[in-house]
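Asker: Handing over target_33.txt, compact mmCIF, C-alpha atoms.
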```txt
# COMPACT_ATOMS: atom_id res chain seq x y z
CA SER A 1 0.63 -0.26 -16.64
CA LEU A 2 3.63 0.93 -18.61
CA SER A 3 4.29 0.06 -22.22
CA PRO A 4 7.71 -0.55 -23.87
CA PRO A 5 10.42 0.56 -23.47
CA PHE A 6 9.60 0.63 -19.76
CA LEU A 7 9.08 -3.10 -19.28
CA SER A 8 11.26 -6.03 -20.27
CA PRO A 9 11.26 -9.81 -19.69
CA SER A 10 12.09 -10.99 -16.16
CA LEU A 11 11.45 -7.48 -14.87
CA GLY A 12 9.48 -6.77 -11.75
CA CYS A 13 7.78 -3.38 -11.72
CA GLY A 14 5.56 -1.97 -9.03
CA LEU A 15 3.69 1.27 -9.58
CA ALA A 16 1.37 2.92 -7.08
CA TRP A 17 -0.74 6.04 -7.07
CA THR A 18 -3.35 6.76 -4.45
CA LEU A 19 -3.77 8.84 -1.33
CA PRO A 20 -1.52 7.62 1.48
CA LEU A 21 -2.96 7.29 4.95
CA ALA A 22 -1.54 8.25 8.31
CA ALA A 23 -3.02 8.23 11.77
CA ASN A 24 -1.71 11.70 12.58
CA GLN A 25 0.84 14.21 11.43
CA ALA A 26 3.61 12.44 13.31
CA SER A 27 3.15 9.48 11.02
CA PHE A 28 4.25 11.61 8.08
CA VAL A 29 7.69 12.30 9.51
CA MET A 30 8.58 8.79 10.64
CA GLU A 31 11.84 7.56 9.20
CA GLY A 32 11.25 4.12 7.74
CA PRO A 33 13.93 1.71 6.53
CA LYS A 34 15.70 2.88 3.39
CA ILE A 35 15.55 0.72 0.32
CA LYS A 36 18.99 -0.38 -0.79
CA LEU A 37 19.26 -0.14 -4.56
CA ARG A 38 21.61 -2.07 -6.81
CA GLU A 39 23.23 -0.72 -9.94
CA PRO A 40 20.83 -1.49 -12.83
CA ALA A 41 23.67 -2.89 -14.96
CA SER A 42 24.37 -5.51 -12.28
CA VAL A 43 21.06 -7.21 -13.13
CA GLY A 44 21.13 -6.50 -16.85
CA LEU A 45 19.00 -3.34 -16.92
CA SER A 46 19.68 0.02 -18.53
CA SER A 47 20.06 3.07 -16.29
CA GLU A 48 19.26 5.32 -19.25
CA ARG A 49 15.96 3.59 -19.91
CA LEU A 50 15.01 3.56 -16.25
CA ASP A 51 15.60 7.30 -16.15
CA ARG A 52 12.78 7.71 -18.67
CA LEU A 53 10.40 6.75 -15.88
CA ASP A 54 11.19 10.04 -14.14
CA ALA A 55 9.75 12.17 -16.91
CA TYR A 56 6.79 9.85 -17.45
CA LEU A 57 5.71 9.74 -13.79
CA GLN A 58 6.41 13.40 -13.12
CA GLY A 59 4.36 14.19 -16.21
CA LEU A 60 1.36 12.32 -14.79
CA VAL A 61 1.55 14.50 -11.70
CA ASP A 62 2.21 17.77 -13.54
CA GLU A 63 -0.72 17.17 -15.88
CA GLY A 64 -3.05 16.45 -12.98
CA LYS A 65 -3.68 12.87 -14.06
CA ARG A 66 -2.44 11.53 -10.72
CA PRO A 67 -1.98 13.22 -7.34
CA ASN A 68 1.18 11.23 -6.82
CA ALA A 69 3.09 8.22 -8.05
CA MET A 70 5.72 5.87 -6.73
CA ALA A 71 7.51 3.21 -8.73
CA MET A 72 9.91 0.41 -7.89
CA VAL A 73 11.67 -1.73 -10.47
CA GLY A 74 13.71 -4.80 -9.73
CA ARG A 75 15.06 -7.93 -11.33
CA PHE A 76 15.97 -11.27 -9.80
CA GLY A 77 14.76 -9.96 -6.45
CA GLN A 78 17.11 -6.96 -6.55
CA PRO A 79 15.57 -3.43 -6.57
CA VAL A 80 17.34 -1.02 -8.88
CA TYR A 81 14.89 1.88 -9.09
CA CYS A 82 12.66 3.46 -6.46
CA LYS A 83 11.40 7.01 -6.81
CA SER A 84 8.33 8.98 -5.83
CA PHE A 85 6.63 12.01 -7.35
CA GLY A 86 3.95 14.43 -6.21
CA LEU A 87 2.38 15.03 -2.82
CA GLN A 88 0.83 12.66 -0.33
CA ASN A 89 -0.89 15.62 1.32
CA ASP A 90 -1.58 18.92 -0.43
CA GLY A 91 -2.41 20.98 2.67
CA SER A 92 -5.98 21.66 1.55
CA ALA A 93 -9.07 21.53 3.74
CA GLY A 94 -9.51 18.10 5.22
CA SER A 95 -5.83 17.22 4.91
CA LEU A 96 -4.00 15.75 7.86
CA SER A 97 -1.41 18.52 7.70
CA VAL A 98 -1.61 22.20 6.77
CA ALA A 99 1.73 21.94 5.00
CA PRO A 100 2.10 20.11 1.67
CA LEU A 101 4.04 16.88 2.15
CA PRO A 102 5.80 14.96 -0.61
CA ILE A 103 5.47 11.23 -1.19
CA ARG A 104 8.23 9.30 0.55
CA GLU A 105 9.64 5.79 0.35
CA ASP A 106 7.97 5.02 3.69
CA SER A 107 4.58 6.55 2.87
CA ILE A 108 1.73 4.21 3.85
CA PHE A 109 -0.78 3.40 1.13
CA ARG A 110 -4.23 1.91 1.43
CA ILE A 111 -4.34 -0.32 -1.61
CA TYR A 112 -7.95 -1.54 -1.31
CA SER A 113 -8.68 -4.46 -3.64
CA MET A 114 -5.08 -4.70 -4.83
CA THR A 115 -4.60 -7.10 -1.92
CA LYS A 116 -6.49 -9.61 -4.08
CA PRO A 117 -3.81 -10.10 -6.79
CA ILE A 118 -1.11 -10.20 -4.11
CA THR A 119 -2.94 -12.94 -2.21
CA SER A 120 -3.81 -14.75 -5.44
CA LEU A 121 -0.17 -14.70 -6.53
CA ALA A 122 0.90 -16.23 -3.21
CA LEU A 123 -1.74 -18.94 -3.64
CA MET A 124 -0.65 -19.72 -7.19
CA MET A 125 2.94 -20.09 -6.00
CA LEU A 126 1.68 -22.73 -3.55
CA TYR A 127 -0.35 -24.27 -6.39
CA GLU A 128 2.80 -24.61 -8.49
CA GLU A 129 4.38 -26.45 -5.57
CA GLY A 130 1.46 -28.88 -5.51
CA LYS A 131 0.19 -27.77 -2.11
CA PHE A 132 -3.46 -27.75 -3.25
CA LEU A 133 -5.73 -28.19 -6.25
CA LEU A 134 -8.09 -25.57 -7.65
CA THR A 135 -10.82 -28.21 -7.46
CA ASP A 136 -10.26 -28.76 -3.74
CA PRO A 137 -13.43 -28.12 -1.70
CA ILE A 138 -12.95 -25.05 0.45
CA TRP A 139 -14.12 -26.93 3.54
CA LEU A 140 -10.78 -28.75 3.56
CA TYR A 141 -9.22 -25.47 4.67
CA LEU A 142 -12.08 -23.61 6.37
CA GLY A 143 -13.69 -26.49 8.23
CA GLU A 144 -16.72 -28.79 8.12
CA SER A 145 -19.13 -25.85 8.35
CA TRP A 146 -18.29 -25.03 4.73
CA LYS A 147 -19.66 -28.30 3.38
CA LYS A 148 -22.61 -27.63 1.07
CA LYS A 149 -25.04 -29.45 3.36
CA ASN A 150 -24.40 -26.76 6.00
CA MET A 151 -24.68 -23.78 3.63
CA SER A 152 -27.58 -21.90 2.06
CA VAL A 153 -28.18 -19.42 -0.74
CA TRP A 154 -30.45 -16.36 -0.62
CA LYS A 155 -33.55 -16.80 -2.78
CA SER A 156 -35.84 -13.83 -2.06
CA GLY A 157 -36.94 -11.30 0.53
CA PHE A 158 -35.22 -8.78 2.78
CA PRO A 159 -34.26 -9.15 6.47
CA LYS A 160 -36.05 -5.99 7.63
CA ASP A 161 -39.27 -7.28 6.03
CA GLY A 162 -38.92 -10.64 7.74
CA ASN A 163 -39.58 -12.55 4.51
CA VAL A 164 -36.17 -13.97 3.57
CA GLU A 165 -36.28 -17.30 1.75
CA THR A 166 -33.19 -19.43 1.14
CA GLN A 167 -32.32 -22.56 -0.78
CA SER A 168 -29.67 -25.24 -0.41
CA CYS A 169 -26.31 -25.01 -2.10
CA GLU A 170 -26.25 -27.12 -5.25
CA ASN A 171 -22.49 -27.56 -5.45
CA THR A 172 -19.52 -27.59 -3.12
CA VAL A 173 -17.61 -24.30 -2.99
CA THR A 174 -14.06 -24.84 -4.27
CA VAL A 175 -10.80 -22.93 -4.16
CA LEU A 176 -11.42 -21.95 -7.79
CA HIS A 177 -14.79 -20.43 -6.86
CA VAL A 178 -13.14 -18.26 -4.20
CA LEU A 179 -10.29 -17.16 -6.47
CA THR A 180 -12.67 -16.22 -9.31
CA HIS A 181 -15.27 -14.45 -7.14
CA THR A 182 -17.90 -17.07 -7.90
CA ALA A 183 -18.36 -18.49 -4.40
CA GLY A 184 -21.48 -16.39 -3.81
CA LEU A 185 -19.89 -14.27 -1.08
CA SER A 186 -20.62 -10.55 -0.72
CA TYR A 187 -18.76 -7.55 0.67
CA GLY A 188 -21.25 -6.42 3.28
CA PHE A 189 -21.06 -2.77 2.14
CA ASP A 190 -24.66 -2.22 1.02
CA ILE A 191 -26.85 -3.09 3.99
CA THR A 192 -29.82 -1.08 2.68
CA GLY A 193 -29.91 -2.38 -0.89
CA ASN A 194 -28.39 -5.85 -0.73
CA PRO A 195 -30.32 -8.37 1.37
CA VAL A 196 -27.29 -10.59 1.99
CA ASP A 197 -25.22 -7.59 3.11
CA ALA A 198 -28.02 -6.79 5.56
CA MET A 199 -27.87 -10.40 6.74
CA TYR A 200 -24.12 -10.02 7.24
CA LYS A 201 -24.76 -7.01 9.46
CA ALA A 202 -27.43 -8.80 11.47
CA GLY A 203 -25.21 -11.86 11.83
CA GLY A 204 -22.19 -9.91 13.03
CA VAL A 205 -20.15 -10.69 9.92
CA GLU A 206 -17.68 -7.84 10.06
CA LEU A 207 -13.96 -7.36 10.44
CA ASN A 208 -13.05 -6.99 14.08
CA PRO A 209 -9.49 -6.71 15.43
CA ASN A 210 -10.61 -8.63 18.51
CA ARG A 211 -11.86 -11.57 16.44
CA THR A 212 -9.72 -14.32 14.91
CA VAL A 213 -9.91 -15.30 11.24
CA GLU A 214 -11.39 -18.63 12.34
CA GLU A 215 -14.17 -16.83 14.19
CA PHE A 216 -14.85 -14.60 11.18
CA VAL A 217 -15.21 -17.46 8.68
CA GLU A 218 -17.46 -19.37 11.07
CA LYS A 219 -19.82 -16.38 11.25
CA LEU A 220 -19.60 -15.87 7.49
CA VAL A 221 -20.68 -19.40 6.60
CA LYS A 222 -23.79 -19.11 8.76
CA VAL A 223 -25.17 -16.38 6.47
CA SER A 224 -26.61 -17.30 3.07
CA CYS A 225 -24.61 -16.79 -0.10
CA VAL A 226 -25.72 -14.15 -2.64
CA THR A 227 -25.94 -16.54 -5.60
CA LEU A 228 -25.56 -20.21 -6.32
CA GLU A 229 -21.90 -21.17 -6.31
CA GLY A 230 -20.36 -20.93 -9.76
CA ASN A 231 -22.04 -17.58 -10.48
CA SER A 232 -20.43 -14.19 -10.01
```
Take the structure I supplied and represent it as structure tokens, if you would.

Answerer:
Amino acid sequence: SLSPPFLSPSLGCGLAWTLPLAANQASFVMEGPKIKLREPASVGLSSERLDRLDAYLQGLVDEGKRPNAMAMVGRFGQPVYCKSFGLQNDGSAGSLSVAPLPIREDSIFRIYSMTKPITSLALMMLYEEGKFLLTDPIWLYLGESWKKKNMSVWKSGFPKDGNVETQSCENTVTVLHVLTHTAGLSYGFDITGNPVDAMYKAGGVELNPNRTVEEFVEKLVKVSCVTLEGNS
């Protein structure tokens, strides 16, 4: 995050630094749509102060604190600043291109868990409109299978040892549980150390482009939760 004087009330600021992804070298030279910028003064922002971002972000790159950085600033839905600094590909061993390539406006970023605040923000906008309550049971939106009587929680054992024990869910999983990571769901990353992750693997709970979201959540609910709902 950036501290004053970089941020001001009613200001939207997006800042990204990570390693962009591309399927092949051709992806690096694709011409994406250009972002049309407004004059900062037209939305009540200072061009002089926005220019300070240049030195700050370039400094992060020059000092080796970040491989690259891209920032966009807007107000009232109007972008007024969009610049990038550093390289998306340095040409070193393992790079997708032998030539160094700078960050571009149309560089593709893998943002990992930053999809969570974006999705949560969209949900809270719907919450403000009264579309749902945080106390709503999740089965209202995911189906009858997500009622607590149809769900279980891992208690002990490991799938490969054939000694897994489960227990019944004590409470109904709510929208609040899902938003606060207390629904007892796991990632499925650690199939050797996490028994529920191993159960995900055995149960075919994995992202698949040929499978619908409905099919995914139906498989997910059939596998036990990691903890009792309400715990992280």

Asker: I'd like the contact shell of A:Lys219 - 12 Å cut-off, only C-alpha atoms, skipping same-chain residues fewer than 3 positions apart - returned as a PyMOL selection string.

Answerer: chain A and resi 142+145-146+151+199-208+211-216+222-224

Asker: What is the atom CA of A:Asp106-atom CA of A:Phe85 distance in Å, reported with one decimal?

Answerer: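 That distance, rounded to one decimal, is 13.1 Å.
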
Asker: Between A:His177, A:Arg49, A:Arg75, A:Lys160, which has the minimum distance to A:Thr192 (counting all atoms listed in the file)?

Answerer: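 Looking only at the distances to A:Thr192, the closest residue turns out to be A:Lys160.
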
Asker: Draw an axis-aligned box over all listed atoms of stretch 143-153 of chain A, pad each side with 6 Å, and write its centre and edge lengths in Å, one decimal, as JSON.

Answerer:
```
{"center_x": -20.9, "center_y": -24.4, "center_z": 3.8, "size_x": 26.5, "size_y": 22.0, "size_z": 21.1}
```

Asker: Out of A:Val226, A:Leu50, A:Val178, A:Ala122, which residue has the shortest atom-to-atom distance to A:Trp154 when counting only C-alpha atoms?

Answerer: A:Val226

Asker: Contacts of A:Phe158 at 9 Å or less, counting only C-alpha atoms, minus same-chain residues fewer than 6 places along, as a ChimeraX atom specification?

Answerer: /A:164-165,194-196,198-199

Asker: One number please: atom CA of A:Lys83 to atom CA of A:Ile103, in Å, one decimal.

Answerer: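 Pair atom CA of A:Lys83 / atom CA of A:Ile103 returns 9.2 Å.
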
Asker: Would you compute the distance between atom CA of A:Gly157 and atom CA of A:Asp197? Give it in Å to one decimal.

Answerer: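 Pair atom CA of A:Gly157 / atom CA of A:Asp197 returns 12.6 Å.
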
Asker: Mind checking which residues fall within 12 Å of A:Gly59, counting all atoms listed in the file, ignoring those fewer than 6 positions away in the same chain, and posting them as a PyMOL selection string?

Answerer: chain A and resi 52-53+65-69+85-86

Asker: Give me, as a PyMOL selection string, all polymer residues having an atom no more than 12 Å from A:Phe132, counting all atoms listed in the file and skipping those fewer than 5 positions away in the same chain.

Answerer: chain A and resi 123-127+137-138+140-141+174-176

Asker: Considering all atoms listed in the file, can you say which of A:Val61, A:Leu220, A:Ile35, A:Cys169 comes closest to A:Lys155?

Answerer: A:Cys169
